[in-house]
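Novice: So I've got this file, target03.cif, and it contains mmCIF, C-alpha atoms and all ligand atoms; chains and numbers go by the auth columns:
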data_data
loop_
_atom_site.group_PDB
_atom_site.id
_atom_site.type_symbol
_atom_site.label_atom_id
_atom_site.label_comp_id
_atom_site.label_asym_id
_atom_site.label_seq_id
_atom_site.Cartn_x
_atom_site.Cartn_y
_atom_site.Cartn_z
_atom_site.B_iso_or_equiv
_atom_site.auth_seq_id
_atom_site.auth_asym_id
ATOM 1 C CA MET A 1 63.046 -157.540 -33.895 0.00 201 A
ATOM 2 C CA ASP A 2 63.339 -156.182 -30.365 0.00 202 A
ATOM 3 C CA THR A 3 64.142 -152.535 -29.709 0.00 203 A
ATOM 4 C CA LYS A 4 67.624 -153.259 -28.371 0.00 204 A
ATOM 5 C CA LEU A 5 68.754 -154.659 -31.701 0.00 205 A
ATOM 6 C CA THR A 6 67.177 -151.871 -33.722 0.00 206 A
ATOM 7 C CA LYS A 7 69.143 -149.518 -31.483 0.00 207 A
ATOM 8 C CA VAL A 8 72.401 -151.325 -32.258 0.00 208 A
ATOM 9 C CA VAL A 9 71.886 -150.914 -35.995 0.00 209 A
ATOM 10 C CA ARG A 10 69.885 -148.170 -37.634 0.00 210 A
ATOM 11 C CA GLU A 11 69.600 -147.665 -41.377 0.00 211 A
ATOM 12 C CA GLY A 12 72.456 -150.013 -42.061 0.00 212 A
ATOM 13 C CA ARG A 13 74.888 -148.386 -39.630 0.00 213 A
ATOM 14 C CA TYR A 14 76.082 -149.478 -36.219 0.00 214 A
ATOM 15 C CA ILE A 15 74.959 -146.955 -33.619 0.00 215 A
ATOM 16 C CA GLY A 16 77.644 -146.608 -30.969 0.00 216 A
ATOM 17 C CA SER A 17 75.570 -144.894 -28.296 0.00 217 A
ATOM 18 C CA LEU A 18 74.472 -147.856 -26.257 0.00 218 A
ATOM 19 C CA ASP A 19 75.473 -146.264 -22.989 0.00 219 A
ATOM 20 C CA VAL A 20 73.636 -147.582 -20.007 0.00 220 A
ATOM 21 C CA LYS A 21 73.526 -145.576 -16.797 0.00 221 A
ATOM 22 C CA PRO A 22 75.026 -147.143 -13.656 0.00 222 A
ATOM 23 C CA GLY A 23 72.513 -149.537 -12.117 0.00 223 A
ATOM 24 C CA GLU A 24 70.582 -149.942 -15.388 0.00 224 A
ATOM 25 C CA HIS A 25 70.543 -153.110 -17.440 0.00 225 A
ATOM 26 C CA TYR A 26 71.432 -153.335 -21.100 0.00 226 A
ATOM 27 C CA ASP A 27 69.816 -156.729 -21.663 0.00 227 A
ATOM 28 C CA PRO A 28 68.932 -158.573 -18.422 0.00 228 A
ATOM 29 C CA GLU A 29 68.641 -162.057 -20.006 0.00 229 A
ATOM 30 C CA PHE A 30 71.872 -161.759 -21.928 0.00 230 A
ATOM 31 C CA GLU A 31 73.669 -160.424 -18.857 0.00 231 A
ATOM 32 C CA ALA A 32 72.342 -163.322 -16.735 0.00 232 A
ATOM 33 C CA SER A 33 73.756 -165.828 -19.258 0.00 233 A
ATOM 34 C CA VAL A 34 77.180 -164.191 -19.103 0.00 234 A
ATOM 35 C CA GLU A 35 77.000 -164.228 -15.307 0.00 235 A
ATOM 36 C CA GLU A 36 76.330 -167.985 -15.462 0.00 236 A
ATOM 37 C CA ILE A 37 79.395 -168.488 -17.634 0.00 237 A
ATOM 38 C CA LEU A 38 81.522 -166.500 -15.174 0.00 238 A
ATOM 39 C CA THR A 39 80.256 -168.657 -12.304 0.00 239 A
ATOM 40 C CA ARG A 40 80.909 -171.824 -14.340 0.00 240 A
ATOM 41 C CA LEU A 41 84.497 -170.617 -14.791 0.00 241 A
ATOM 42 C CA GLY A 42 84.871 -170.475 -11.015 0.00 242 A
ATOM 43 C CA GLU A 43 84.686 -166.692 -10.870 0.00 243 A
ATOM 44 C CA ASP A 44 82.689 -164.504 -8.524 0.00 244 A
ATOM 45 C CA PRO A 45 80.553 -162.278 -10.770 0.00 245 A
ATOM 46 C CA LYS A 46 79.887 -159.976 -7.795 0.00 246 A
ATOM 47 C CA ARG A 47 83.522 -159.047 -7.248 0.00 247 A
ATOM 48 C CA GLU A 48 84.372 -155.442 -8.047 0.00 248 A
ATOM 49 C CA GLY A 49 86.197 -155.975 -11.332 0.00 249 A
ATOM 50 C CA LEU A 50 83.478 -158.205 -12.783 0.00 250 A
ATOM 51 C CA LYS A 51 80.389 -156.294 -11.673 0.00 251 A
ATOM 52 C CA ARG A 52 79.732 -154.720 -15.059 0.00 252 A
ATOM 53 C CA THR A 53 81.386 -157.459 -17.117 0.00 253 A
ATOM 54 C CA PRO A 54 78.130 -159.227 -18.118 0.00 254 A
ATOM 55 C CA GLN A 55 76.847 -155.937 -19.489 0.00 255 A
ATOM 56 C CA ARG A 56 80.095 -155.213 -21.312 0.00 256 A
ATOM 57 C CA VAL A 57 80.210 -158.711 -22.809 0.00 257 A
ATOM 58 C CA ALA A 58 76.587 -158.460 -23.963 0.00 258 A
ATOM 59 C CA LYS A 59 77.280 -155.114 -25.647 0.00 259 A
ATOM 60 C CA ALA A 60 80.518 -156.335 -27.190 0.00 260 A
ATOM 61 C CA LEU A 61 78.897 -159.471 -28.613 0.00 261 A
ATOM 62 C CA ASP A 62 75.978 -157.465 -29.986 0.00 262 A
ATOM 63 C CA PHE A 63 78.491 -155.206 -31.731 0.00 263 A
ATOM 64 C CA LEU A 64 80.555 -158.111 -33.044 0.00 264 A
ATOM 65 C CA THR A 65 77.428 -159.712 -34.528 0.00 265 A
ATOM 66 C CA SER A 66 75.688 -156.510 -35.634 0.00 266 A
ATOM 67 C CA GLY A 67 76.079 -157.600 -39.267 0.00 267 A
ATOM 68 C CA TYR A 68 73.005 -159.828 -38.879 0.00 268 A
ATOM 69 C CA HIS A 69 70.902 -156.671 -38.817 0.00 269 A
ATOM 70 C CA MET A 70 72.496 -155.032 -41.840 0.00 270 A
ATOM 71 C CA THR A 71 72.110 -155.585 -45.558 0.00 271 A
ATOM 72 C CA VAL A 72 74.433 -154.724 -48.422 0.00 272 A
ATOM 73 C CA GLU A 73 71.659 -152.750 -50.115 0.00 273 A
ATOM 74 C CA GLU A 74 71.195 -150.496 -47.072 0.00 274 A
ATOM 75 C CA VAL A 75 74.921 -149.960 -46.700 0.00 275 A
ATOM 76 C CA VAL A 76 75.639 -148.919 -50.308 0.00 276 A
ATOM 77 C CA LYS A 77 72.347 -147.307 -51.246 0.00 277 A
ATOM 78 C CA ASP A 78 73.538 -143.673 -51.283 0.00 278 A
ATOM 79 C CA ALA A 79 76.832 -144.390 -53.015 0.00 279 A
ATOM 80 C CA LEU A 80 76.085 -146.212 -56.253 0.00 280 A
ATOM 81 C CA PHE A 81 77.032 -144.068 -59.223 0.00 281 A
ATOM 82 C CA GLU A 82 76.389 -144.544 -62.908 0.00 282 A
ATOM 83 C CA ASP A 83 79.769 -144.368 -64.684 0.00 283 A
ATOM 84 C CA GLU A 84 81.265 -145.540 -67.941 0.00 284 A
ATOM 85 C CA CYS A 85 84.536 -146.705 -66.314 0.00 285 A
ATOM 86 C CA GLU A 86 85.361 -150.240 -67.403 0.00 286 A
ATOM 87 C CA GLU A 87 88.736 -150.702 -65.737 0.00 287 A
ATOM 88 C CA MET A 88 89.433 -152.852 -62.729 0.00 288 A
ATOM 89 C CA VAL A 89 88.879 -151.258 -59.307 0.00 289 A
ATOM 90 C CA ILE A 90 90.713 -152.745 -56.340 0.00 290 A
ATOM 91 C CA VAL A 91 90.482 -151.938 -52.642 0.00 291 A
ATOM 92 C CA LYS A 92 93.082 -153.922 -50.801 0.00 292 A
ATOM 93 C CA ASP A 93 94.432 -154.456 -47.289 0.00 293 A
ATOM 94 C CA VAL A 94 91.101 -153.751 -45.633 0.00 294 A
ATOM 95 C CA GLU A 95 91.369 -155.100 -42.106 0.00 295 A
ATOM 96 C CA PHE A 96 88.444 -157.149 -40.827 0.00 296 A
ATOM 97 C CA TYR A 97 87.552 -158.855 -37.566 0.00 297 A
ATOM 98 C CA SER A 98 85.158 -161.769 -37.340 0.00 298 A
ATOM 99 C CA LEU A 99 84.236 -164.616 -34.984 0.00 299 A
ATOM 100 C CA CYS A 100 84.571 -168.254 -35.956 0.00 300 A
ATOM 101 C CA GLU A 101 81.282 -170.068 -35.624 0.00 301 A
ATOM 102 C CA HIS A 102 82.867 -173.153 -34.076 0.00 302 A
ATOM 103 C CA HIS A 103 84.524 -171.587 -31.050 0.00 303 A
ATOM 104 C CA MET A 104 83.264 -167.991 -31.144 0.00 304 A
ATOM 105 C CA LEU A 105 86.892 -166.891 -31.076 0.00 305 A
ATOM 106 C CA PRO A 106 88.183 -164.081 -33.296 0.00 306 A
ATOM 107 C CA PHE A 107 89.665 -164.528 -36.685 0.00 307 A
ATOM 108 C CA PHE A 108 91.007 -161.425 -38.322 0.00 308 A
ATOM 109 C CA GLY A 109 93.114 -160.300 -41.209 0.00 309 A
ATOM 110 C CA ARG A 110 93.026 -158.406 -44.475 0.00 310 A
ATOM 111 C CA ALA A 111 90.553 -158.434 -47.302 0.00 311 A
ATOM 112 C CA HIS A 112 91.308 -157.561 -50.917 0.00 312 A
ATOM 113 C CA VAL A 113 88.388 -156.784 -53.201 0.00 313 A
ATOM 114 C CA GLY A 114 88.364 -156.107 -56.935 0.00 314 A
ATOM 115 C CA TYR A 115 85.647 -155.624 -59.521 0.00 315 A
ATOM 116 C CA LEU A 116 85.193 -154.813 -63.173 0.00 316 A
ATOM 117 C CA PRO A 117 82.392 -152.237 -63.486 0.00 317 A
ATOM 118 C CA LYS A 118 79.570 -152.475 -65.972 0.00 318 A
ATOM 119 C CA GLY A 119 78.048 -148.983 -65.965 0.00 319 A
ATOM 120 C CA ARG A 120 78.010 -148.624 -62.190 0.00 320 A
ATOM 121 C CA ILE A 121 80.633 -147.915 -59.538 0.00 321 A
ATOM 122 C CA VAL A 122 80.370 -147.824 -55.754 0.00 322 A
ATOM 123 C CA GLY A 123 81.824 -145.429 -53.158 0.00 323 A
ATOM 124 C CA LEU A 124 85.102 -146.977 -52.025 0.00 324 A
ATOM 125 C CA SER A 125 84.333 -146.820 -48.298 0.00 325 A
ATOM 126 C CA LYS A 126 81.198 -148.861 -48.962 0.00 326 A
ATOM 127 C CA ILE A 127 83.335 -151.824 -49.983 0.00 327 A
ATOM 128 C CA ALA A 128 84.859 -151.821 -46.495 0.00 328 A
ATOM 129 C CA ARG A 129 81.355 -151.481 -45.008 0.00 329 A
ATOM 130 C CA VAL A 130 80.131 -154.461 -47.022 0.00 330 A
ATOM 131 C CA ILE A 131 83.031 -156.512 -45.653 0.00 331 A
ATOM 132 C CA ASP A 132 81.883 -155.619 -42.115 0.00 332 A
ATOM 133 C CA VAL A 133 78.257 -156.543 -42.867 0.00 333 A
ATOM 134 C CA PHE A 134 79.387 -160.152 -43.259 0.00 334 A
ATOM 135 C CA ALA A 135 82.430 -160.144 -40.939 0.00 335 A
ATOM 136 C CA ARG A 136 80.297 -159.064 -37.959 0.00 336 A
ATOM 137 C CA ARG A 137 78.567 -162.420 -37.743 0.00 337 A
ATOM 138 C CA LEU A 138 79.546 -165.922 -36.654 0.00 338 A
ATOM 139 C CA GLN A 139 81.426 -167.140 -39.693 0.00 339 A
ATOM 140 C CA VAL A 140 83.738 -169.548 -41.422 0.00 340 A
ATOM 141 C CA GLN A 141 86.268 -167.774 -43.580 0.00 341 A
ATOM 142 C CA GLU A 142 85.126 -169.494 -46.777 0.00 342 A
ATOM 143 C CA ARG A 143 81.508 -168.334 -46.378 0.00 343 A
ATOM 144 C CA LEU A 144 82.604 -164.835 -45.407 0.00 344 A
ATOM 145 C CA THR A 145 84.626 -164.639 -48.631 0.00 345 A
ATOM 146 C CA THR A 146 81.806 -165.794 -50.908 0.00 346 A
ATOM 147 C CA GLN A 147 79.201 -163.627 -49.163 0.00 347 A
ATOM 148 C CA ILE A 148 81.294 -160.498 -49.714 0.00 348 A
ATOM 149 C CA ALA A 149 81.740 -161.422 -53.392 0.00 349 A
ATOM 150 C CA SER A 150 78.084 -162.242 -54.066 0.00 350 A
ATOM 151 C CA GLY A 151 76.836 -159.287 -52.011 0.00 351 A
ATOM 152 C CA LEU A 152 78.911 -156.893 -54.099 0.00 352 A
ATOM 153 C CA MET A 153 78.004 -158.625 -57.355 0.00 353 A
ATOM 154 C CA ALA A 154 74.302 -158.247 -56.536 0.00 354 A
ATOM 155 C CA VAL A 155 74.406 -154.478 -55.982 0.00 355 A
ATOM 156 C CA LEU A 156 77.021 -153.639 -58.621 0.00 356 A
ATOM 157 C CA ASN A 157 75.874 -155.902 -61.419 0.00 357 A
ATOM 158 C CA ALA A 158 79.589 -155.897 -62.308 0.00 358 A
ATOM 159 C CA ARG A 159 81.309 -157.847 -65.068 0.00 359 A
ATOM 160 C CA GLY A 160 83.226 -159.634 -62.354 0.00 360 A
ATOM 161 C CA VAL A 161 84.139 -159.558 -58.660 0.00 361 A
ATOM 162 C CA GLY A 162 87.162 -161.048 -56.897 0.00 362 A
ATOM 163 C CA VAL A 163 87.697 -161.335 -53.147 0.00 363 A
ATOM 164 C CA VAL A 164 90.772 -162.656 -51.327 0.00 364 A
ATOM 165 C CA LEU A 165 90.926 -162.931 -47.535 0.00 365 A
ATOM 166 C CA GLU A 166 94.064 -163.626 -45.507 0.00 366 A
ATOM 167 C CA ALA A 167 93.379 -164.387 -41.868 0.00 367 A
ATOM 168 C CA CYS A 168 94.719 -165.653 -38.580 0.00 368 A
ATOM 169 C CA HIS A 169 92.330 -167.788 -36.504 0.00 369 A
ATOM 170 C CA PHE A 170 92.628 -167.492 -32.743 0.00 370 A
ATOM 171 C CA CYS A 171 91.123 -170.947 -32.370 0.00 371 A
ATOM 172 C CA MET A 172 94.247 -172.295 -34.089 0.00 372 A
ATOM 173 C CA VAL A 173 96.618 -169.953 -32.272 0.00 373 A
ATOM 174 C CA MET A 174 95.482 -169.740 -28.638 0.00 374 A
ATOM 175 C CA ARG A 175 94.100 -173.272 -28.348 0.00 375 A
ATOM 176 C CA GLY A 176 93.708 -176.463 -30.382 0.00 376 A
ATOM 177 C CA VAL A 177 96.771 -177.056 -32.553 0.00 377 A
ATOM 178 C CA GLN A 178 98.364 -173.779 -31.312 0.00 378 A
ATOM 179 C CA LYS A 179 100.067 -172.826 -34.543 0.00 379 A
ATOM 180 C CA GLN A 180 101.016 -169.199 -33.996 0.00 380 A
ATOM 181 C CA ASN A 181 102.087 -168.426 -37.524 0.00 381 A
ATOM 182 C CA SER A 182 99.424 -170.129 -39.558 0.00 382 A
ATOM 183 C CA GLN A 183 97.480 -168.077 -42.050 0.00 383 A
ATOM 184 C CA THR A 184 94.422 -169.059 -44.026 0.00 384 A
ATOM 185 C CA VAL A 185 93.879 -167.636 -47.495 0.00 385 A
ATOM 186 C CA THR A 186 90.517 -167.945 -49.241 0.00 386 A
ATOM 187 C CA SER A 187 89.242 -166.534 -52.500 0.00 387 A
ATOM 188 C CA ALA A 188 85.967 -166.134 -54.340 0.00 388 A
ATOM 189 C CA MET A 189 85.913 -165.241 -58.026 0.00 389 A
ATOM 190 C CA LEU A 190 82.734 -164.356 -59.891 0.00 390 A
ATOM 191 C CA GLY A 191 81.994 -163.458 -63.528 0.00 391 A
ATOM 192 C CA THR A 192 85.077 -162.530 -65.551 0.00 392 A
ATOM 193 C CA PHE A 193 87.278 -163.081 -62.492 0.00 393 A
ATOM 194 C CA ARG A 194 86.269 -166.731 -62.632 0.00 394 A
ATOM 195 C CA GLU A 195 86.032 -167.175 -66.397 0.00 395 A
ATOM 196 C CA ASP A 196 89.061 -165.210 -67.603 0.00 396 A
ATOM 197 C CA SER A 197 92.455 -166.244 -66.250 0.00 397 A
ATOM 198 C CA ARG A 198 94.025 -162.926 -67.396 0.00 398 A
ATOM 199 C CA THR A 199 91.568 -160.885 -65.316 0.00 399 A
ATOM 200 C CA ARG A 200 92.231 -163.105 -62.338 0.00 400 A
ATOM 201 C CA ALA A 201 96.002 -162.845 -62.854 0.00 401 A
ATOM 202 C CA GLU A 202 95.817 -159.020 -63.114 0.00 402 A
ATOM 203 C CA PHE A 203 93.861 -158.914 -59.846 0.00 403 A
ATOM 204 C CA MET A 204 96.277 -161.223 -58.050 0.00 404 A
ATOM 205 C CA GLU A 205 99.265 -159.249 -59.348 0.00 405 A
ATOM 206 C CA LEU A 206 97.788 -155.908 -58.216 0.00 406 A
ATOM 207 C CA ILE A 207 96.973 -157.107 -54.718 0.00 407 A
ATOM 208 C CA ARG A 208 100.469 -158.563 -54.366 0.00 408 A
ATOM 209 C CA ARG A 209 102.204 -155.245 -55.149 0.00 409 A
ATOM 210 C CA SER A 210 103.504 -153.165 -52.255 0.00 410 A
ATOM 211 C CA SER A 211 101.209 -150.437 -51.031 0.00 411 A
ATOM 212 C CA VAL A 212 101.402 -146.619 -51.213 0.00 412 A
ATOM 213 C CA SER A 213 102.458 -146.027 -47.641 0.00 413 A
HETATM 214 N N1 LIG B . 86.981 -174.517 -42.884 0.00 1 B
HETATM 215 C C1 LIG B . 87.061 -173.736 -41.795 0.00 1 B
HETATM 216 N N2 LIG B . 87.350 -174.306 -40.616 0.00 1 B
HETATM 217 C C2 LIG B . 87.448 -173.517 -39.547 0.00 1 B
HETATM 218 C C3 LIG B . 87.289 -172.129 -39.591 0.00 1 B
HETATM 219 N N3 LIG B . 87.458 -171.632 -38.338 0.00 1 B
HETATM 220 C C4 LIG B . 87.737 -172.682 -37.559 0.00 1 B
HETATM 221 N N4 LIG B . 87.743 -173.835 -38.271 0.00 1 B
HETATM 222 C C5 LIG B . 88.006 -175.231 -37.922 0.00 1 B
HETATM 223 O O1 LIG B . 86.845 -175.884 -37.501 0.00 1 B
HETATM 224 C C6 LIG B . 87.253 -177.158 -37.029 0.00 1 B
HETATM 225 C C7 LIG B . 86.357 -177.649 -35.947 0.00 1 B
HETATM 226 O O2 LIG B . 86.786 -178.963 -35.719 0.00 1 B
HETATM 227 P P1 LIG B . 86.357 -179.870 -34.472 0.00 1 B
HETATM 228 O O3 LIG B . 87.203 -181.102 -34.471 0.00 1 B
HETATM 229 O O4 LIG B . 84.867 -180.005 -34.459 0.00 1 B
HETATM 230 O O5 LIG B . 86.706 -178.911 -33.247 0.00 1 B
HETATM 231 P P2 LIG B . 87.951 -178.942 -32.283 0.00 1 B
HETATM 232 O O6 LIG B . 88.006 -180.235 -31.527 0.00 1 B
HETATM 233 O O7 LIG B . 87.864 -177.709 -31.443 0.00 1 B
HETATM 234 O O8 LIG B . 89.164 -178.891 -33.297 0.00 1 B
HETATM 235 P P3 LIG B . 90.677 -178.431 -33.050 0.00 1 B
HETATM 236 O O9 LIG B . 90.708 -176.943 -33.366 0.00 1 B
HETATM 237 O O10 LIG B . 91.494 -179.210 -34.031 0.00 1 B
HETATM 238 O O11 LIG B . 91.032 -178.688 -31.611 0.00 1 B
HETATM 239 C C8 LIG B . 88.717 -176.989 -36.628 0.00 1 B
HETATM 240 O O12 LIG B . 89.482 -177.732 -37.534 0.00 1 B
HETATM 241 C C9 LIG B . 88.971 -175.484 -36.819 0.00 1 B
HETATM 242 O O13 LIG B . 90.300 -175.210 -37.206 0.00 1 B
HETATM 243 C C10 LIG B . 86.985 -171.557 -40.861 0.00 1 B
HETATM 244 O O14 LIG B . 86.804 -170.350 -41.022 0.00 1 B
HETATM 245 N N5 LIG B . 86.901 -172.401 -41.919 0.00 1 B
HETATM 246 ZN ZN ZN B . 87.279 -171.812 -34.426 0.00 2 B
#
Translate the structure described by the file into structure tokens.

Specialist:
Amino acid sequence: MDTKLTKVVREGRYIGSLDVKPGEHYDPEFEASVEEILTRLGEDPKREGLKRTPQRVAKALDFLTSGYHMTVEEVVKDALFEDECEEMVIVKDVEFYSLCEHHMLPFFGRAHVGYLPKGRIVGLSKIARVIDVFARRLQVQERLTTQIASGLMAVLNARGVGVVLEACHFCMVMRGVQKQNSQTVTSAMLGTFREDSRTRAEFMELIRRSSVS
């Protein structure tokens, strides 16, 4: 792995300080590719407003795909706790932003995650971090959903995990069929969430209820 990428992500966390001094390059090859795209679009990459755009785009895309350099294990490692709790835990309405692998356009929405512990619970914020590990990659919504579910199942060894994602795809909104109000809902159910319809129904009912605020 080159040093630039290890700088973007360190010990499972995105490192924001990628500031480059004026006149310095962030990633010359990456920036040259962006410059080519700008030229192809009929733009002048040398004009004032676009001068630093290749660098900004390179940094933004590295951030938006930083999940490739993270693992679930790294992200949750300090926040797994042994606990006898056996009741369902749900973290819902977690916003996520991803890029569709077909057009590299954003899709974004809300994720709802539930699990039934089996002797081990996880720090709640880590569930949101696990979502980002997989969302910050080029994705299809279905794979994103199953990766979150299996990633959590692997570290939690839970009795069951359920994940529901509701998203809006810019490639269907800004271009293509241009359906502004379409939403895509996907789910992945593992363990008891798959095998037991009552567990699944309890999960679906709890994520449907109105929130605290
Ligand atoms: N299953 C799935 N499809 C997706 C996702 N994101 C985008 N797509 C779809 O991927 C498909 C790609 O189809 P193609 O016909 O190869 O591409 P296209 O000509 O750009 O398709 P249109 O969007 O219909 O104009 C489209 O139907 C997109 O809506 C996703 O997360 N899951
Ligand atoms: Zn797309």

Novice: Could you list, as a PyMOL selection string, every residue within 10 Å of Gly351 (chain A), counting only C-alpha atoms and ignoring same-chain residues fewer than 3 positions away?

Specialist: chain A and resi 271-273+330-331+333-334+346-348+354-356+361

Novice: May I have the residues from that selection written out with C-alpha atoms, as a PDB file, in the frame of the given file?

Specialist:
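Below is the file part_24.pdb, written as the result:
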ATOM      1  CA  THR A 271      72.110-155.585 -45.558  1.00  0.00           C
ATOM      2  CA  VAL A 272      74.433-154.724 -48.422  1.00  0.00           C
ATOM      3  CA  GLU A 273      71.659-152.750 -50.115  1.00  0.00           C
ATOM      4  CA  VAL A 330      80.131-154.461 -47.022  1.00  0.00           C
ATOM      5  CA  ILE A 331      83.031-156.512 -45.653  1.00  0.00           C
ATOM      6  CA  VAL A 333      78.257-156.543 -42.867  1.00  0.00           C
ATOM      7  CA  PHE A 334      79.387-160.152 -43.259  1.00  0.00           C
ATOM      8  CA  THR A 346      81.806-165.794 -50.908  1.00  0.00           C
ATOM      9  CA  GLN A 347      79.201-163.627 -49.163  1.00  0.00           C
ATOM     10  CA  ILE A 348      81.294-160.498 -49.714  1.00  0.00           C
ATOM     11  CA  ALA A 354      74.302-158.247 -56.536  1.00  0.00           C
ATOM     12  CA  VAL A 355      74.406-154.478 -55.982  1.00  0.00           C
ATOM     13  CA  LEU A 356      77.021-153.639 -58.621  1.00  0.00           C
ATOM     14  CA  VAL A 361      84.139-159.558 -58.660  1.00  0.00           C
TER      15      VAL A 361
END

Novice: Using the chain letters and residue numbers of this document, give as a ChimeraX atom specification the residues selected by the PyMOL selection byres (((chain A and resi 367) around 9) and not hetatm).

Specialist: /A:296,307-311,341,365-366,368-369,382-386

Novice: Step by step, gather every atom of ligand LIG 1 (chain B) that the file lists, find the box along x, y and z that holds them, add 5 Å on each side, and finally give centre and edge lengths in Å to one decimal, as lines of an AutoDock Vina configuration file.

Specialist:
center_x = 88.2
center_y = -175.7
center_z = -37.2
size_x = 16.6
size_y = 20.8
size_z = 21.4

Novice: Work out how far CA of Arg240 (chain A) is from CA of Arg256 (chain A), in Å to one decimal.

Specialist: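 Pair CA of Arg256 (chain A) / CA of Arg240 (chain A) returns 18.0 Å.
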
Novice: Taking only C-alpha atoms and all ligand atoms into account, which residues are within 10 Å of ligand LIG 1 (chain B), as an MDAnalysis selection string?

Specialist: chainID A and resid 298:307 338:345 367:378 384:386

Novice: How many Å separate CA of Tyr297 (chain A) from CA of Asp332 (chain A)?

Specialist: 8.0 Å

Novice: Written as a PyMOL selection string, which residues does the PyMOL selection byres (((chain A and resi 280-294) around 6) and not hetatm) give for the file shown?

Specialist: chain A and resi 279+295+310-317+319-322

Novice: Please enumerate the residues selected by the PyMOL selection byres (((chain A and resi 261) around 12) and not hetatm) when evaluated against the supplied file, formatted as a tab-separated table (two decimals) with C-alpha atoms, in the frame of the given file.

Specialist:
chain	number	residue	atom	x	y	z
A	205	LEU	CA	68.75	-154.66	-31.70
A	208	VAL	CA	72.40	-151.32	-32.26
A	227	ASP	CA	69.82	-156.73	-21.66
A	230	PHE	CA	71.87	-161.76	-21.93
A	231	GLU	CA	73.67	-160.42	-18.86
A	234	VAL	CA	77.18	-164.19	-19.10
A	253	THR	CA	81.39	-157.46	-17.12
A	254	PRO	CA	78.13	-159.23	-18.12
A	255	GLN	CA	76.85	-155.94	-19.49
A	256	ARG	CA	80.10	-155.21	-21.31
A	257	VAL	CA	80.21	-158.71	-22.81
A	258	ALA	CA	76.59	-158.46	-23.96
A	259	LYS	CA	77.28	-155.11	-25.65
A	260	ALA	CA	80.52	-156.34	-27.19
A	262	ASP	CA	75.98	-157.46	-29.99
A	263	PHE	CA	78.49	-155.21	-31.73
A	264	LEU	CA	80.56	-158.11	-33.04
A	265	THR	CA	77.43	-159.71	-34.53
A	266	SER	CA	75.69	-156.51	-35.63
A	267	GLY	CA	76.08	-157.60	-39.27
A	268	TYR	CA	73.00	-159.83	-38.88
A	298	SER	CA	85.16	-161.77	-37.34
A	299	LEU	CA	84.24	-164.62	-34.98
A	304	MET	CA	83.26	-167.99	-31.14
A	305	LEU	CA	86.89	-166.89	-31.08
A	306	PRO	CA	88.18	-164.08	-33.30
A	336	ARG	CA	80.30	-159.06	-37.96
A	337	ARG	CA	78.57	-162.42	-37.74
A	338	LEU	CA	79.55	-165.92	-36.65

Novice: Report, in Å with one decimal, the straight-line distance from CA of Met404 (chain A) to CA of Met353 (chain A).

Specialist: 18.5 Å

Novice: For Arg247 (chain A), list every protein, DNA or RNA residue within 12 Å, evaluated using all atoms listed in the file, and leave out those in the same chain fewer than 6 positions away; present the list as a list in words.

Specialist: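 The residues that qualify are Glu235, Leu238, Thr239 and Thr253 of chain A.
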
Novice: Put region 380-400 of chain A into a file with C-alpha atoms, as a PDB file, in the first residue's frame.

Specialist:
ATOM      1  CA  GLN A 380     -36.925  11.984  -8.403  1.00  0.00           C
ATOM      2  CA  ASN A 381     -38.962  10.225  -5.767  1.00  0.00           C
ATOM      3  CA  SER A 382     -37.841   6.657  -6.139  1.00  0.00           C
ATOM      4  CA  GLN A 383     -36.465   4.882  -3.113  1.00  0.00           C
ATOM      5  CA  THR A 384     -34.769   1.518  -2.931  1.00  0.00           C
ATOM      6  CA  VAL A 385     -35.173  -0.634   0.160  1.00  0.00           C
ATOM      7  CA  THR A 386     -32.933  -3.645   0.764  1.00  0.00           C
ATOM      8  CA  SER A 387     -32.614  -5.988   3.704  1.00  0.00           C
ATOM      9  CA  ALA A 388     -30.286  -8.688   4.952  1.00  0.00           C
ATOM     10  CA  MET A 389     -31.353 -11.030   7.739  1.00  0.00           C
ATOM     11  CA  LEU A 390     -28.982 -13.471   9.407  1.00  0.00           C
ATOM     12  CA  GLY A 391     -29.422 -16.092  12.149  1.00  0.00           C
ATOM     13  CA  THR A 392     -32.638 -15.721  14.143  1.00  0.00           C
ATOM     14  CA  PHE A 393     -33.607 -12.685  12.058  1.00  0.00           C
ATOM     15  CA  ARG A 394     -33.795 -15.007   9.070  1.00  0.00           C
ATOM     16  CA  GLU A 395     -35.107 -18.133  10.783  1.00  0.00           C
ATOM     17  CA  ASP A 396     -37.679 -16.682  13.184  1.00  0.00           C
ATOM     18  CA  SER A 397     -40.473 -14.593  11.683  1.00  0.00           C
ATOM     19  CA  ARG A 398     -41.351 -13.125  15.128  1.00  0.00           C
ATOM     20  CA  THR A 399     -37.830 -11.741  15.590  1.00  0.00           C
ATOM     21  CA  ARG A 400     -37.939 -10.279  12.113  1.00  0.00           C
TER      22      ARG A 400
END
